[in-house]
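**Q** Pasting coords31.txt below, which is compact mmCIF, N, CA and C atoms.
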# COMPACT_ATOMS: atom_id res chain seq x y z
N MET B 158 109.30 -39.49 -126.14
CA MET B 158 110.34 -40.45 -126.49
C MET B 158 110.66 -41.30 -125.26
N THR B 159 110.63 -42.62 -125.43
CA THR B 159 111.01 -43.51 -124.34
C THR B 159 112.46 -43.90 -124.51
N SER B 160 113.08 -44.11 -123.38
CA SER B 160 114.48 -44.47 -123.38
C SER B 160 114.67 -45.61 -122.40
N GLU B 161 115.53 -46.55 -122.76
CA GLU B 161 115.85 -47.65 -121.86
C GLU B 161 117.26 -47.45 -121.35
N MET B 162 117.47 -47.90 -120.13
CA MET B 162 118.79 -47.79 -119.53
C MET B 162 119.05 -49.07 -118.76
N GLU B 163 120.16 -49.71 -119.06
CA GLU B 163 120.52 -50.95 -118.37
C GLU B 163 121.52 -50.62 -117.28
N LEU B 164 121.20 -51.03 -116.08
CA LEU B 164 122.05 -50.81 -114.93
C LEU B 164 122.54 -52.18 -114.49
N VAL B 165 123.85 -52.39 -114.51
CA VAL B 165 124.44 -53.68 -114.15
C VAL B 165 125.12 -53.53 -112.80
N VAL B 166 124.72 -54.35 -111.85
CA VAL B 166 125.30 -54.30 -110.51
C VAL B 166 126.23 -55.49 -110.35
N GLY B 167 127.49 -55.23 -110.09
CA GLY B 167 128.48 -56.28 -109.92
C GLY B 167 128.41 -56.92 -108.55
N VAL B 168 129.15 -58.00 -108.39
CA VAL B 168 129.18 -58.71 -107.11
C VAL B 168 129.74 -57.82 -105.99
N ASP B 169 130.49 -56.78 -106.38
CA ASP B 169 131.04 -55.85 -105.40
C ASP B 169 130.05 -54.75 -105.02
N GLY B 170 128.84 -54.79 -105.62
CA GLY B 170 127.81 -53.80 -105.31
C GLY B 170 127.92 -52.54 -106.14
N VAL B 171 128.92 -52.45 -107.01
CA VAL B 171 129.10 -51.28 -107.85
C VAL B 171 128.22 -51.43 -109.09
N ALA B 172 127.45 -50.38 -109.37
CA ALA B 172 126.57 -50.38 -110.55
C ALA B 172 127.28 -49.68 -111.70
N ARG B 173 127.09 -50.22 -112.91
CA ARG B 173 127.66 -49.63 -114.12
C ARG B 173 126.56 -49.45 -115.14
N CYS B 174 126.70 -48.41 -115.95
CA CYS B 174 125.74 -48.20 -117.02
C CYS B 174 126.34 -47.24 -118.03
N ILE B 175 125.69 -47.17 -119.17
CA ILE B 175 126.00 -46.12 -120.13
C ILE B 175 125.11 -44.96 -119.73
N TYR B 176 125.71 -43.86 -119.37
CA TYR B 176 124.96 -42.73 -118.82
C TYR B 176 123.88 -42.27 -119.78
N ASP B 177 122.74 -42.02 -119.20
CA ASP B 177 121.59 -41.50 -119.92
C ASP B 177 120.78 -40.73 -118.89
N GLU B 178 120.05 -39.75 -119.32
CA GLU B 178 119.25 -38.97 -118.38
C GLU B 178 117.86 -39.59 -118.17
N ALA B 179 117.67 -40.82 -118.63
CA ALA B 179 116.38 -41.50 -118.45
C ALA B 179 116.10 -41.77 -116.98
N LEU B 180 117.14 -41.89 -116.20
CA LEU B 180 117.02 -42.19 -114.78
C LEU B 180 117.97 -41.26 -114.03
N ASP B 181 117.47 -40.62 -112.99
CA ASP B 181 118.32 -39.74 -112.18
C ASP B 181 119.12 -40.62 -111.22
N LEU B 182 120.33 -40.92 -111.59
CA LEU B 182 121.17 -41.84 -110.82
C LEU B 182 121.52 -41.31 -109.43
N ARG B 183 121.41 -40.02 -109.23
CA ARG B 183 121.69 -39.45 -107.90
C ARG B 183 120.71 -39.98 -106.86
N GLU B 184 119.57 -40.45 -107.33
CA GLU B 184 118.55 -40.96 -106.41
C GLU B 184 118.95 -42.30 -105.78
N ILE B 185 119.91 -43.00 -106.37
CA ILE B 185 120.27 -44.32 -105.84
C ILE B 185 121.63 -44.35 -105.15
N GLY B 186 122.33 -43.23 -105.14
CA GLY B 186 123.60 -43.21 -104.42
C GLY B 186 124.61 -42.25 -104.99
N LYS B 187 125.80 -42.33 -104.46
CA LYS B 187 126.91 -41.47 -104.87
C LYS B 187 127.36 -41.88 -106.28
N LEU B 188 127.61 -40.88 -107.11
CA LEU B 188 128.00 -41.14 -108.49
C LEU B 188 129.50 -40.96 -108.69
N GLN B 189 130.02 -41.77 -109.59
CA GLN B 189 131.37 -41.57 -110.11
C GLN B 189 131.24 -41.76 -111.62
N ILE B 190 131.19 -40.64 -112.33
CA ILE B 190 131.01 -40.69 -113.78
C ILE B 190 132.36 -40.59 -114.44
N THR B 191 132.62 -41.55 -115.34
CA THR B 191 133.90 -41.61 -116.04
C THR B 191 133.65 -41.58 -117.54
N ARG B 192 134.37 -40.74 -118.23
CA ARG B 192 134.22 -40.66 -119.68
C ARG B 192 134.68 -41.96 -120.32
N ALA B 193 133.85 -42.51 -121.20
CA ALA B 193 134.16 -43.78 -121.86
C ALA B 193 134.74 -43.59 -123.25
N SER B 194 134.54 -42.41 -123.83
CA SER B 194 135.00 -42.18 -125.21
C SER B 194 134.95 -40.69 -125.53
N HIS B 195 135.42 -40.40 -126.72
CA HIS B 195 135.34 -39.04 -127.26
C HIS B 195 134.77 -39.16 -128.66
N VAL B 196 133.66 -38.48 -128.93
CA VAL B 196 133.06 -38.47 -130.27
C VAL B 196 133.26 -37.06 -130.83
N GLU B 197 134.05 -36.99 -131.90
CA GLU B 197 134.46 -35.70 -132.45
C GLU B 197 134.49 -35.75 -133.97
N PRO B 198 134.29 -34.60 -134.62
CA PRO B 198 134.43 -34.53 -136.08
C PRO B 198 135.89 -34.28 -136.45
N ASP B 199 136.24 -34.65 -137.68
CA ASP B 199 137.56 -34.28 -138.19
C ASP B 199 137.39 -33.04 -139.08
N ARG B 200 138.46 -32.57 -139.65
CA ARG B 200 138.39 -31.33 -140.43
C ARG B 200 137.60 -31.49 -141.74
N ASP B 201 137.36 -32.75 -142.16
CA ASP B 201 136.58 -33.00 -143.37
C ASP B 201 135.10 -33.21 -143.08
N GLY B 202 134.70 -33.14 -141.80
CA GLY B 202 133.31 -33.27 -141.44
C GLY B 202 132.87 -34.69 -141.14
N PHE B 203 133.81 -35.63 -141.11
CA PHE B 203 133.48 -37.00 -140.72
C PHE B 203 133.60 -37.12 -139.21
N TRP B 204 132.82 -38.03 -138.64
CA TRP B 204 132.79 -38.22 -137.20
C TRP B 204 133.50 -39.50 -136.79
N TRP B 205 134.19 -39.43 -135.67
CA TRP B 205 134.96 -40.55 -135.14
C TRP B 205 134.60 -40.77 -133.68
N ALA B 206 134.55 -42.03 -133.26
CA ALA B 206 134.34 -42.37 -131.85
C ALA B 206 135.62 -43.00 -131.34
N ASP B 207 136.35 -42.27 -130.55
CA ASP B 207 137.60 -42.75 -129.97
C ASP B 207 137.28 -43.46 -128.66
N MET B 208 137.38 -44.77 -128.66
CA MET B 208 137.04 -45.57 -127.49
C MET B 208 138.24 -45.78 -126.58
N GLY B 209 139.32 -45.06 -126.84
CA GLY B 209 140.55 -45.18 -126.06
C GLY B 209 140.38 -45.11 -124.56
N PRO B 210 139.57 -44.18 -124.03
CA PRO B 210 139.42 -44.13 -122.57
C PRO B 210 138.86 -45.43 -121.97
N SER B 211 138.21 -46.25 -122.80
CA SER B 211 137.67 -47.54 -122.34
C SER B 211 138.55 -48.71 -122.79
N GLY B 212 139.72 -48.38 -123.33
CA GLY B 212 140.62 -49.43 -123.78
C GLY B 212 140.26 -49.99 -125.15
N GLY B 213 139.54 -49.22 -125.93
CA GLY B 213 139.09 -49.72 -127.23
C GLY B 213 139.69 -48.99 -128.41
N PRO B 214 139.18 -49.30 -129.60
CA PRO B 214 139.69 -48.73 -130.84
C PRO B 214 139.07 -47.38 -131.17
N VAL B 215 139.50 -46.81 -132.26
CA VAL B 215 138.86 -45.63 -132.83
C VAL B 215 137.89 -46.14 -133.89
N LEU B 216 136.62 -45.79 -133.76
CA LEU B 216 135.58 -46.23 -134.68
C LEU B 216 135.28 -45.11 -135.67
N GLY B 217 135.11 -45.46 -136.93
CA GLY B 217 134.76 -44.46 -137.92
C GLY B 217 135.55 -44.64 -139.19
N PRO B 218 135.37 -43.78 -140.12
CA PRO B 218 134.62 -42.53 -140.08
C PRO B 218 133.12 -42.75 -140.28
N PHE B 219 132.34 -41.81 -139.76
CA PHE B 219 130.89 -41.82 -139.91
C PHE B 219 130.46 -40.50 -140.54
N ARG B 220 129.40 -40.56 -141.32
CA ARG B 220 128.88 -39.36 -141.99
C ARG B 220 128.18 -38.41 -141.02
N SER B 221 127.67 -38.95 -139.92
CA SER B 221 126.95 -38.08 -138.99
C SER B 221 127.35 -38.39 -137.55
N ARG B 222 127.10 -37.43 -136.69
CA ARG B 222 127.36 -37.61 -135.26
C ARG B 222 126.45 -38.70 -134.71
N THR B 223 125.23 -38.76 -135.20
CA THR B 223 124.27 -39.77 -134.75
C THR B 223 124.81 -41.17 -135.01
N GLU B 224 125.39 -41.39 -136.19
CA GLU B 224 125.98 -42.70 -136.52
C GLU B 224 127.15 -43.01 -135.59
N ALA B 225 127.98 -42.01 -135.32
CA ALA B 225 129.13 -42.22 -134.44
C ALA B 225 128.67 -42.55 -133.03
N LEU B 226 127.63 -41.86 -132.54
CA LEU B 226 127.11 -42.13 -131.21
C LEU B 226 126.50 -43.52 -131.12
N ALA B 227 125.84 -43.97 -132.19
CA ALA B 227 125.26 -45.31 -132.21
C ALA B 227 126.36 -46.37 -132.17
N ALA B 228 127.44 -46.14 -132.92
CA ALA B 228 128.57 -47.08 -132.92
C ALA B 228 129.23 -47.10 -131.54
N GLU B 229 129.38 -45.93 -130.95
CA GLU B 229 129.96 -45.81 -129.60
C GLU B 229 129.13 -46.63 -128.61
N ARG B 230 127.83 -46.44 -128.63
CA ARG B 230 126.93 -47.13 -127.70
C ARG B 230 126.98 -48.64 -127.94
N GLY B 231 126.97 -49.06 -129.20
CA GLY B 231 127.04 -50.48 -129.52
C GLY B 231 128.32 -51.12 -129.00
N TRP B 232 129.45 -50.43 -129.18
CA TRP B 232 130.73 -50.96 -128.70
C TRP B 232 130.71 -51.07 -127.19
N LEU B 233 130.20 -50.04 -126.50
CA LEU B 233 130.15 -50.06 -125.04
C LEU B 233 129.24 -51.18 -124.52
N ILE B 234 128.12 -51.41 -125.19
CA ILE B 234 127.22 -52.48 -124.78
C ILE B 234 127.89 -53.84 -124.96
N ARG B 235 128.56 -54.05 -126.09
CA ARG B 235 129.28 -55.32 -126.30
C ARG B 235 130.39 -55.49 -125.26
N ARG B 236 131.10 -54.42 -124.97
CA ARG B 236 132.18 -54.46 -123.98
C ARG B 236 131.61 -54.77 -122.59
N GLN B 237 130.49 -54.15 -122.24
CA GLN B 237 129.86 -54.42 -120.94
C GLN B 237 129.45 -55.88 -120.86
N GLY B 238 128.95 -56.43 -121.95
CA GLY B 238 128.58 -57.84 -121.98
C GLY B 238 129.79 -58.73 -121.72
N GLN B 239 130.93 -58.38 -122.29
CA GLN B 239 132.15 -59.15 -122.05
C GLN B 239 132.57 -59.06 -120.59
N ILE B 240 132.47 -57.86 -120.01
CA ILE B 240 132.82 -57.68 -118.61
C ILE B 240 131.88 -58.51 -117.74
N ASN B 241 130.59 -58.47 -118.05
CA ASN B 241 129.61 -59.23 -117.26
C ASN B 241 129.91 -60.72 -117.33
N LEU B 242 130.25 -61.24 -118.52
CA LEU B 242 130.57 -62.65 -118.66
C LEU B 242 131.80 -63.01 -117.83
N ALA B 243 132.81 -62.15 -117.87
CA ALA B 243 134.03 -62.41 -117.11
C ALA B 243 133.73 -62.41 -115.61
N GLU B 244 132.91 -61.44 -115.15
CA GLU B 244 132.57 -61.39 -113.73
C GLU B 244 131.75 -62.60 -113.32
N THR B 245 130.83 -63.02 -114.18
CA THR B 245 130.02 -64.20 -113.89
C THR B 245 130.91 -65.42 -113.75
N GLY B 246 131.88 -65.55 -114.63
CA GLY B 246 132.82 -66.67 -114.55
C GLY B 246 133.62 -66.64 -113.27
N ARG B 247 134.09 -65.46 -112.87
CA ARG B 247 134.85 -65.33 -111.61
C ARG B 247 133.98 -65.69 -110.42
N THR B 248 132.73 -65.23 -110.46
CA THR B 248 131.82 -65.51 -109.35
C THR B 248 131.56 -67.02 -109.25
N ARG B 249 131.34 -67.67 -110.37
CA ARG B 249 131.09 -69.10 -110.35
C ARG B 249 132.32 -69.87 -109.86
N ARG B 250 133.51 -69.45 -110.31
CA ARG B 250 134.73 -70.12 -109.87
C ARG B 250 134.93 -69.94 -108.37
N ALA B 251 134.65 -68.72 -107.86
CA ALA B 251 134.79 -68.46 -106.42
C ALA B 251 133.79 -69.30 -105.63
N ALA B 252 132.56 -69.39 -106.13
CA ALA B 252 131.55 -70.19 -105.44
C ALA B 252 131.94 -71.65 -105.46
N GLN B 253 132.45 -72.14 -106.56
CA GLN B 253 132.89 -73.54 -106.66
C GLN B 253 134.05 -73.80 -105.72
N HIS B 254 134.98 -72.83 -105.63
CA HIS B 254 136.12 -72.96 -104.74
C HIS B 254 135.64 -73.06 -103.28
N ARG B 255 134.65 -72.23 -102.91
CA ARG B 255 134.12 -72.27 -101.54
C ARG B 255 133.46 -73.63 -101.25
N GLN B 256 132.78 -74.17 -102.25
CA GLN B 256 132.12 -75.47 -102.05
C GLN B 256 133.13 -76.60 -101.91
N ASP B 257 134.24 -76.48 -102.65
CA ASP B 257 135.28 -77.52 -102.61
C ASP B 257 136.09 -77.46 -101.33
N SER B 258 136.10 -76.32 -100.67
CA SER B 258 136.93 -76.13 -99.46
C SER B 258 136.30 -76.74 -98.23
Please lay out the structure from this file as structure tokens.

**A**
Amino acid sequence: MTSEMELVVGVDGVARCIYDEALDLREIGKLQITRASHVEPDRDGFWWADMGPSGGPVLGPFRSRTEALAAERGWLIRRQGQINLAETGRTRRAAQHRQDS
């Protein structure tokens, strides 16, 4: 099974990713792993992805854990894209400010 992992490095040099064992991140530096969500079943056997630790909504219900994990990953990827766009905008504004000064 092949797995892809996107590693995003910010202008501050901090790398972010959705953790996966496809790459041993210890090989590139000190790690700080933070939980992004909680994927849990309810008493009726439905699965929920609580994105609260990342400032997001509760996703679900899902019939399987696999569906909940896919929704969790999709939300995190979309959120990372928004963060990247915001950082790119800040970087461009800072660069423009330096040029204008």

**Q** List as a list in words the residues having at least one atom at most 7 Å from position (135.9, -47.1, -124.6) as given in the file, counting all atoms listed in the file.

**A**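 Residues with an atom at most 7 Å from (135.9, -47.1, -124.6): Arg192, Ala193, Ser194, Asp207, Met208, Gly209, Pro210, Ser211, Gly212, Gly213, Pro214 and Leu233 of chain B.
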
**Q** Produce a file of the selected residues containing N, CA and C atoms, as a tab-separated table (two decimals), in the coordinates of the input.

**A**
chain	number	residue	atom	x	y	z
B	192	ARG	N	134.37	-40.74	-118.23
B	192	ARG	CA	134.22	-40.66	-119.68
B	192	ARG	C	134.68	-41.96	-120.32
B	193	ALA	N	133.85	-42.51	-121.20
B	193	ALA	CA	134.16	-43.78	-121.86
B	193	ALA	C	134.74	-43.59	-123.25
B	194	SER	N	134.54	-42.41	-123.83
B	194	SER	CA	135.00	-42.18	-125.21
B	194	SER	C	134.95	-40.69	-125.53
B	207	ASP	N	136.35	-42.27	-130.55
B	207	ASP	CA	137.60	-42.75	-129.97
B	207	ASP	C	137.28	-43.46	-128.66
B	208	MET	N	137.38	-44.77	-128.66
B	208	MET	CA	137.04	-45.57	-127.49
B	208	MET	C	138.24	-45.78	-126.58
B	209	GLY	N	139.32	-45.06	-126.84
B	209	GLY	CA	140.55	-45.18	-126.06
B	209	GLY	C	140.38	-45.11	-124.56
B	210	PRO	N	139.57	-44.18	-124.03
B	210	PRO	CA	139.42	-44.13	-122.57
B	210	PRO	C	138.86	-45.43	-121.97
B	211	SER	N	138.21	-46.25	-122.80
B	211	SER	CA	137.67	-47.54	-122.34
B	211	SER	C	138.55	-48.71	-122.79
B	212	GLY	N	139.72	-48.38	-123.33
B	212	GLY	CA	140.62	-49.43	-123.78
B	212	GLY	C	140.26	-49.99	-125.15
B	213	GLY	N	139.54	-49.22	-125.93
B	213	GLY	CA	139.09	-49.72	-127.23
B	213	GLY	C	139.69	-48.99	-128.41
B	214	PRO	N	139.18	-49.30	-129.60
B	214	PRO	CA	139.69	-48.73	-130.84
B	214	PRO	C	139.07	-47.38	-131.17
B	233	LEU	N	130.20	-50.04	-126.50
B	233	LEU	CA	130.15	-50.06	-125.04
B	233	LEU	C	129.24	-51.18	-124.52

**Q** Grab the atom CA of B:Asp181 to atom CA of B:Gln239 distance for me, in Å with one decimal place.

**A**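 We find that atom CA of B:Asp181 and atom CA of B:Gln239 lie 25.8 Å from each other.
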
**Q** Counting only C-alpha atoms, which residue out of B:Val171, B:Leu226, B:Ala206, B:Asp199 sits closest to B:Gly186?

**A**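 Nearest to B:Gly186: B:Val171.
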
**Q** Which protein, DNA or RNA residues are at most 12 Å from (125.1, -50.3, -125.2) in the file's coordinates when you count only C-alpha atoms, listed as JSON, numbers by chain?

**A** {"B": [161, 162, 163, 164, 165, 173, 174, 175, 176, 177, 193, 226, 227, 228, 229, 230, 231, 232, 233, 234, 235, 236, 237, 238, 239]}

**Q** Next, the residues of the selection above should be written as a compact mmCIF listing (two decimals), keeping the file's coordinate frame with N, CA and C atoms.

**A**
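Just written: result28.txt:
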# COMPACT_ATOMS: atom_id res chain seq x y z
N GLU B 161 115.53 -46.55 -122.76
CA GLU B 161 115.85 -47.65 -121.86
C GLU B 161 117.26 -47.45 -121.35
N MET B 162 117.47 -47.90 -120.13
CA MET B 162 118.79 -47.79 -119.53
C MET B 162 119.05 -49.07 -118.76
N GLU B 163 120.16 -49.71 -119.06
CA GLU B 163 120.52 -50.95 -118.37
C GLU B 163 121.52 -50.62 -117.28
N LEU B 164 121.20 -51.03 -116.08
CA LEU B 164 122.05 -50.81 -114.93
C LEU B 164 122.54 -52.18 -114.49
N VAL B 165 123.85 -52.39 -114.51
CA VAL B 165 124.44 -53.68 -114.15
C VAL B 165 125.12 -53.53 -112.80
N ARG B 173 127.09 -50.22 -112.91
CA ARG B 173 127.66 -49.63 -114.12
C ARG B 173 126.56 -49.45 -115.14
N CYS B 174 126.70 -48.41 -115.95
CA CYS B 174 125.74 -48.20 -117.02
C CYS B 174 126.34 -47.24 -118.03
N ILE B 175 125.69 -47.17 -119.17
CA ILE B 175 126.00 -46.12 -120.13
C ILE B 175 125.11 -44.96 -119.73
N TYR B 176 125.71 -43.86 -119.37
CA TYR B 176 124.96 -42.73 -118.82
C TYR B 176 123.88 -42.27 -119.78
N ASP B 177 122.74 -42.02 -119.20
CA ASP B 177 121.59 -41.50 -119.92
C ASP B 177 120.78 -40.73 -118.89
N ALA B 193 133.85 -42.51 -121.20
CA ALA B 193 134.16 -43.78 -121.86
C ALA B 193 134.74 -43.59 -123.25
N LEU B 226 127.63 -41.86 -132.54
CA LEU B 226 127.11 -42.13 -131.21
C LEU B 226 126.50 -43.52 -131.12
N ALA B 227 125.84 -43.97 -132.19
CA ALA B 227 125.26 -45.31 -132.21
C ALA B 227 126.36 -46.37 -132.17
N ALA B 228 127.44 -46.14 -132.92
CA ALA B 228 128.57 -47.08 -132.92
C ALA B 228 129.23 -47.10 -131.54
N GLU B 229 129.38 -45.93 -130.95
CA GLU B 229 129.96 -45.81 -129.60
C GLU B 229 129.13 -46.63 -128.61
N ARG B 230 127.83 -46.44 -128.63
CA ARG B 230 126.93 -47.13 -127.70
C ARG B 230 126.98 -48.64 -127.94
N GLY B 231 126.97 -49.06 -129.20
CA GLY B 231 127.04 -50.48 -129.52
C GLY B 231 128.32 -51.12 -129.00
N TRP B 232 129.45 -50.43 -129.18
CA TRP B 232 130.73 -50.96 -128.70
C TRP B 232 130.71 -51.07 -127.19
N LEU B 233 130.20 -50.04 -126.50
CA LEU B 233 130.15 -50.06 -125.04
C LEU B 233 129.24 -51.18 -124.52
N ILE B 234 128.12 -51.41 -125.19
CA ILE B 234 127.22 -52.48 -124.78
C ILE B 234 127.89 -53.84 -124.96
N ARG B 235 128.56 -54.05 -126.09
CA ARG B 235 129.28 -55.32 -126.30
C ARG B 235 130.39 -55.49 -125.26
N ARG B 236 131.10 -54.42 -124.97
CA ARG B 236 132.18 -54.46 -123.98
C ARG B 236 131.61 -54.77 -122.59
N GLN B 237 130.49 -54.15 -122.24
CA GLN B 237 129.86 -54.42 -120.94
C GLN B 237 129.45 -55.88 -120.86
N GLY B 238 128.95 -56.43 -121.95
CA GLY B 238 128.58 -57.84 -121.98
C GLY B 238 129.79 -58.73 -121.72
N GLN B 239 130.93 -58.38 -122.29
CA GLN B 239 132.15 -59.15 -122.05
C GLN B 239 132.57 -59.06 -120.59

**Q** Work out how far apart atom CA of B:Glu178 and atom C of B:Thr191 are and give it in Å to one decimal.

**A**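 Pair atom CA of B:Glu178 / atom C of B:Thr191 returns 14.7 Å.
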
**Q** As an exercise, work out the distance from atom N of B:Ile190 to atom CA of B:Val168 in Å and give it to one decimal place.

**A** 18.9 Å

**Q** Please provide the set of residues having any atom within 12 Å of B:Asp201, restricted to only C-alpha atoms, with same-chain residues fewer than 5 positions apart removed, written as a PyMOL selection string.

**A** chain B and resi 218-221

**Q** Limited to N, CA and C atoms, could you put the picked residues into a file as an mmCIF file, in the coordinates of the input?

**A**
data_model
loop_
_atom_site.group_PDB
_atom_site.id
_atom_site.type_symbol
_atom_site.label_atom_id
_atom_site.label_comp_id
_atom_site.auth_asym_id
_atom_site.auth_seq_id
_atom_site.Cartn_x
_atom_site.Cartn_y
_atom_site.Cartn_z
ATOM 1 N N PRO B 218 135.370 -43.780 -140.120
ATOM 2 C CA PRO B 218 134.620 -42.530 -140.080
ATOM 3 C C PRO B 218 133.120 -42.750 -140.280
ATOM 4 N N PHE B 219 132.340 -41.810 -139.760
ATOM 5 C CA PHE B 219 130.890 -41.820 -139.910
ATOM 6 C C PHE B 219 130.460 -40.500 -140.540
ATOM 7 N N ARG B 220 129.400 -40.560 -141.320
ATOM 8 C CA ARG B 220 128.880 -39.360 -141.990
ATOM 9 C C ARG B 220 128.180 -38.410 -141.020
ATOM 10 N N SER B 221 127.670 -38.950 -139.920
ATOM 11 C CA SER B 221 126.950 -38.080 -138.990
ATOM 12 C C SER B 221 127.350 -38.390 -137.550
#

**Q** Hey, can I get the axis-aligned box for stretch 217-236 of chain B? All listed atoms, 8 Å padding on each side, centre and edge lengths in Å to one decimal, as JSON.

**A**
{"center_x": 129.9, "center_y": -46.5, "center_z": -132.3, "size_x": 27.3, "size_y": 34.1, "size_z": 35.4}
